[in-house]
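Okay, structure_30.cif is below, mmCIF, C-alpha atoms:
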```cif
data_query
loop_
_atom_site.label_atom_id
_atom_site.label_comp_id
_atom_site.auth_asym_id
_atom_site.auth_seq_id
_atom_site.Cartn_x
_atom_site.Cartn_y
_atom_site.Cartn_z
CA MET A 1 -22.20 -4.06 -3.50
CA GLN A 2 -22.12 -7.01 -5.90
CA LYS A 3 -19.96 -9.99 -4.81
CA VAL A 4 -17.66 -11.30 -7.56
CA ASN A 5 -15.43 -14.37 -7.17
CA SER A 6 -11.84 -14.67 -8.36
CA GLU A 7 -12.53 -16.92 -11.34
CA GLU A 8 -15.21 -14.60 -12.73
CA LEU A 9 -13.03 -11.51 -12.36
CA LEU A 10 -10.05 -13.17 -14.04
CA LYS A 11 -12.28 -14.31 -16.90
CA GLN A 12 -13.63 -10.77 -17.37
CA TYR A 13 -10.09 -9.34 -17.23
CA ALA A 14 -8.89 -11.85 -19.86
CA ASN A 15 -11.79 -10.71 -22.09
CA GLY A 16 -10.61 -7.10 -21.89
CA GLN A 17 -12.73 -5.82 -19.00
CA ARG A 18 -10.77 -3.40 -16.77
CA ASN A 19 -13.54 -1.68 -14.79
CA PHE A 20 -14.24 -3.40 -11.46
CA GLU A 21 -15.49 -0.40 -9.49
CA TYR A 22 -17.59 -0.70 -6.32
CA LEU A 23 -17.58 -4.51 -6.15
CA ASP A 24 -17.21 -6.86 -3.19
CA LEU A 25 -14.06 -8.79 -4.05
CA SER A 26 -13.13 -9.62 -0.46
CA GLU A 27 -11.38 -12.85 0.51
CA ASN A 28 -10.55 -13.82 -3.08
CA ASN A 29 -7.37 -15.64 -4.09
CA TRP A 30 -5.35 -14.12 -6.94
CA PHE A 31 -1.86 -15.54 -6.41
CA GLU A 32 0.46 -14.15 -9.13
CA ALA A 33 -2.52 -12.59 -10.96
CA ASN A 34 -1.89 -10.05 -13.69
CA LEU A 35 -4.42 -7.24 -13.14
CA ARG A 36 -2.30 -4.43 -14.56
CA GLY A 37 -4.27 -1.25 -15.22
CA ALA A 38 -7.50 -2.53 -13.63
CA ASN A 39 -9.89 -0.06 -11.98
CA PHE A 40 -10.97 -1.16 -8.49
CA THR A 41 -12.10 2.28 -7.28
CA GLY A 42 -14.31 1.97 -4.20
CA SER A 43 -14.23 -1.84 -4.17
CA ASN A 44 -13.84 -4.06 -1.12
CA LEU A 45 -10.69 -6.19 -1.41
CA SER A 46 -10.34 -6.90 2.30
CA LYS A 47 -8.48 -10.11 3.13
CA VAL A 48 -7.63 -10.82 -0.52
CA TYR A 49 -4.66 -13.04 -1.31
CA LEU A 50 -2.58 -11.23 -3.94
CA PRO A 51 1.10 -12.09 -3.38
CA TYR A 52 3.30 -11.60 -6.46
CA ALA A 53 0.34 -10.01 -8.27
CA ASN A 54 0.83 -7.33 -10.92
CA LEU A 55 -1.36 -4.34 -10.10
CA SER A 56 0.88 -1.77 -11.78
CA GLN A 57 -0.98 1.31 -12.97
CA ALA A 58 -4.16 0.09 -11.27
CA SER A 59 -6.71 2.47 -9.79
CA LEU A 60 -7.35 1.48 -6.19
CA ARG A 61 -8.72 4.82 -5.00
CA GLN A 62 -10.86 4.57 -1.86
CA THR A 63 -10.50 0.79 -1.96
CA LYS A 64 -10.70 -1.35 1.17
CA LEU A 65 -7.63 -3.59 1.34
CA ILE A 66 -7.88 -4.28 5.08
CA GLN A 67 -5.62 -7.20 6.08
CA ALA A 68 -4.88 -7.92 2.41
CA GLU A 69 -1.91 -10.13 1.51
CA LEU A 70 0.10 -8.16 -1.07
CA SER A 71 3.64 -9.32 -0.37
CA ASP A 72 5.96 -9.00 -3.39
CA ALA A 73 3.13 -7.37 -5.39
CA LYS A 74 3.84 -4.94 -8.21
CA LEU A 75 1.93 -1.73 -7.51
CA GLY A 76 4.17 0.73 -9.34
CA GLN A 77 2.36 3.83 -10.63
CA SER A 78 -0.88 2.66 -9.02
CA ASP A 79 -3.33 5.05 -7.38
CA LEU A 80 -4.10 4.06 -3.79
CA SER A 81 -5.26 7.51 -2.70
CA HIS A 82 -7.53 7.30 0.36
CA ALA A 83 -7.37 3.49 0.30
CA ASP A 84 -7.62 1.56 3.57
CA LEU A 85 -4.65 -0.81 3.82
CA SER A 86 -4.73 -1.14 7.60
CA GLY A 87 -3.14 -4.36 8.75
CA ALA A 88 -2.17 -5.31 5.18
CA ASN A 89 1.03 -7.20 4.35
CA LEU A 90 2.97 -5.47 1.57
CA CYS A 91 6.38 -6.89 2.45
CA ARG A 92 8.84 -6.35 -0.47
CA ALA A 93 6.12 -4.81 -2.67
CA ASN A 94 7.00 -2.37 -5.43
CA LEU A 95 5.18 0.93 -4.89
CA ARG A 96 7.44 3.12 -7.02
CA ASN A 97 5.71 6.30 -8.19
CA ALA A 98 2.49 5.22 -6.45
CA ALA A 99 -0.10 7.72 -5.19
CA LEU A 100 -0.95 6.98 -1.55
CA ARG A 101 -2.16 10.42 -0.50
CA GLY A 102 -4.51 10.07 2.47
CA ALA A 103 -4.13 6.27 2.56
CA ASN A 104 -4.57 4.38 5.83
CA LEU A 105 -1.56 2.10 6.33
CA ALA A 106 -1.94 1.76 10.10
CA GLY A 107 -0.36 -1.43 11.38
CA ALA A 108 0.68 -2.52 7.88
CA ASN A 109 3.76 -4.64 7.20
CA LEU A 110 5.79 -2.45 4.84
CA THR A 111 9.18 -4.08 5.36
CA LYS A 112 11.53 -3.67 2.41
CA VAL A 113 8.84 -1.92 0.32
CA ASP A 114 10.14 0.28 -2.48
CA PHE A 115 8.37 3.64 -2.07
CA SER A 116 10.68 5.51 -4.48
CA ASN A 117 8.94 8.71 -5.64
CA ALA A 118 5.69 7.66 -3.93
CA ASP A 119 3.31 10.26 -2.51
CA LEU A 120 2.44 9.35 1.08
CA SER A 121 1.27 12.85 2.01
CA ASP A 122 -1.50 12.96 4.62
CA SER A 123 -1.31 9.17 5.02
CA ASN A 124 -1.65 7.26 8.28
CA LEU A 125 1.46 5.15 8.91
CA SER A 126 0.84 4.75 12.63
CA ASP A 127 2.26 1.48 13.99
CA ALA A 128 3.38 0.44 10.48
CA ASP A 129 6.61 -1.52 10.07
CA LEU A 130 8.81 0.11 7.41
CA THR A 131 11.99 -1.73 8.36
CA GLY A 132 14.40 -1.63 5.42
CA ALA A 133 11.98 0.29 3.18
CA ASN A 134 13.33 2.50 0.39
CA LEU A 135 11.78 5.97 0.58
CA TYR A 136 13.92 7.73 -2.05
CA LYS A 137 12.14 11.00 -2.92
CA ALA A 138 8.95 9.77 -1.22
CA LYS A 139 6.68 12.53 0.09
CA LEU A 140 5.71 12.16 3.75
CA SER A 141 4.34 15.64 4.38
CA HIS A 142 1.62 15.67 7.06
CA ALA A 143 1.85 11.87 7.38
CA ASN A 144 1.09 10.34 10.79
CA LEU A 145 4.18 8.36 11.84
CA THR A 146 3.12 7.65 15.44
CA GLY A 147 4.58 4.30 16.48
CA ALA A 148 5.95 3.59 12.99
CA ASN A 149 9.20 1.64 12.70
CA PHE A 150 11.68 3.01 10.12
CA PHE A 151 14.66 0.95 11.33
CA ARG A 152 17.19 0.65 8.50
CA ALA A 153 14.83 2.41 6.10
CA THR A 154 16.80 4.32 3.48
CA ARG A 155 16.62 7.82 2.04
CA VAL A 156 13.80 8.99 4.33
CA ASP A 157 12.84 12.68 4.31
CA PHE A 158 10.78 13.37 7.45
CA THR A 159 10.06 17.00 6.47
CA ASP A 160 6.59 18.05 7.67
CA ALA A 161 5.74 14.52 8.88
CA TYR A 162 4.38 13.89 12.39
CA GLY A 163 5.81 11.34 14.78
CA ASP A 164 6.12 11.04 18.52
CA GLU A 165 8.29 9.34 21.13
CA THR A 166 7.14 5.91 19.84
CA THR A 167 8.39 6.50 16.28
CA ILE A 168 11.55 4.50 15.53
CA TYR A 169 13.98 6.21 13.14
CA PRO A 170 16.34 4.58 10.64
CA ASP A 171 19.17 4.58 13.21
CA GLY A 172 16.98 2.54 15.59
CA TYR A 173 16.50 5.39 18.06
CA ARG A 174 13.42 7.28 19.15
CA ARG A 175 13.16 11.06 19.53
CA ASN A 176 11.66 12.92 22.47
CA ASP A 177 9.81 15.67 20.59
CA ASP A 178 6.36 15.54 18.97
CA SER A 179 7.44 16.13 15.39
CA VAL A 180 10.08 14.53 13.22
#
```
Written as structure tokens, that's how I'd like the structure from this file.
Amino acid sequence: MQKVNSEELLKQYANGQRNFEYLDLSENNWFEANLRGANFTGSNLSKVYLPYANLSQASLRQTKLIQAELSDAKLGQSDLSHADLSGANLCRANLRNAALRGANLAGANLTKVDFSNADLSDSNLSDADLTGANLYKAKLSHANLTGANFFRATRVDFTDAYGDETTIYPDGYRRNDDSV
């Protein structure tokens, strides 16, 4: 996997390049970067610094975003299917209409994230913090919600999702059965 630094990638993007598949982009700093519509399929973006970045309509399929800093990022209509976002910080990010099917969001900070119309089917949300998140029309079917915190999350449909006694619901309570 070829290592590319932040300056080089931004230069290529400014020159019209949008394909950044299967690259090692880990630990780069792209504060407030505009990377709208870029293709990062299969790339390693672990520990990147991308707060306030615009990644709307980006392809991030099967991308490693482990412990990435994505607070306040714009990820609307992006494809994060089967991406690994474990331990990532997406606090207040916009993920409206995003595809997150099969994504790993274990232990992620998802407080106040807008997941309106997002597809989180088959995703792993175990131990994720979704406090105050908006899940209007979000799909959670077959999602793992073990230990997830949905306190004060709004418009959550838990149909066909899987939680346990450690899952915290929007009312702040836990349930005693093995499904939500």
Among the residues A:Asn97, A:Asn89, A:Ser81, A:Ser26, the one that comes closest to Ser121 in chain A [using only C-alpha atoms]: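 Once distances to Ser121 in chain A are computed over only C-alpha atoms, the minimum belongs to A:Ser81.
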Nearest residue to Asn5 in chain A from the set A:Asn28, A:Asn54, A:Gln77, A:Asn44 (distances using only C-alpha atoms):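 Looking only at the distances to Asn5 in chain A, the closest residue turns out to be A:Asn28.
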Could you expand the PyMOL selection byres ((chain A and resi 107) around 6) into the explicit residues it covers here, written as a JSON list (two decimals) with C-alpha atoms, in the frame of the given file?
```
[["chain", "number", "residue", "atom", "x", "y", "z"],
["A", 86, "SER", "CA", -4.73, -1.14, 7.60],
["A", 87, "GLY", "CA", -3.14, -4.36, 8.75],
["A", 106, "ALA", "CA", -1.94, 1.76, 10.10],
["A", 108, "ALA", "CA", 0.68, -2.52, 7.88],
["A", 127, "ASP", "CA", 2.26, 1.48, 13.99],
["A", 128, "ALA", "CA", 3.38, 0.44, 10.48]]
```
Given the PyMOL selection byres ((chain A and resi 40-43) around 8) and the file above, list the residues it selects as a list in words.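 The output of the PyMOL selection byres ((chain A and resi 40-43) around 8) on this file is Asn19, Phe20, Glu21, Tyr22, Leu23, Asp24, Leu25, Ala38, Asn39, Asn44, Leu45, Ala58, Ser59, Leu60, Arg61, Gln62, Thr63 and Lys64 of chain A.
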So which residues touch Asn109 in chain A within 6 Å, counting all atoms listed in the file, skipping near sequence neighbours fewer than 2 positions away, as a list in words? Asn89, Leu90, Cys91, Thr111 and Asp129 of chain A
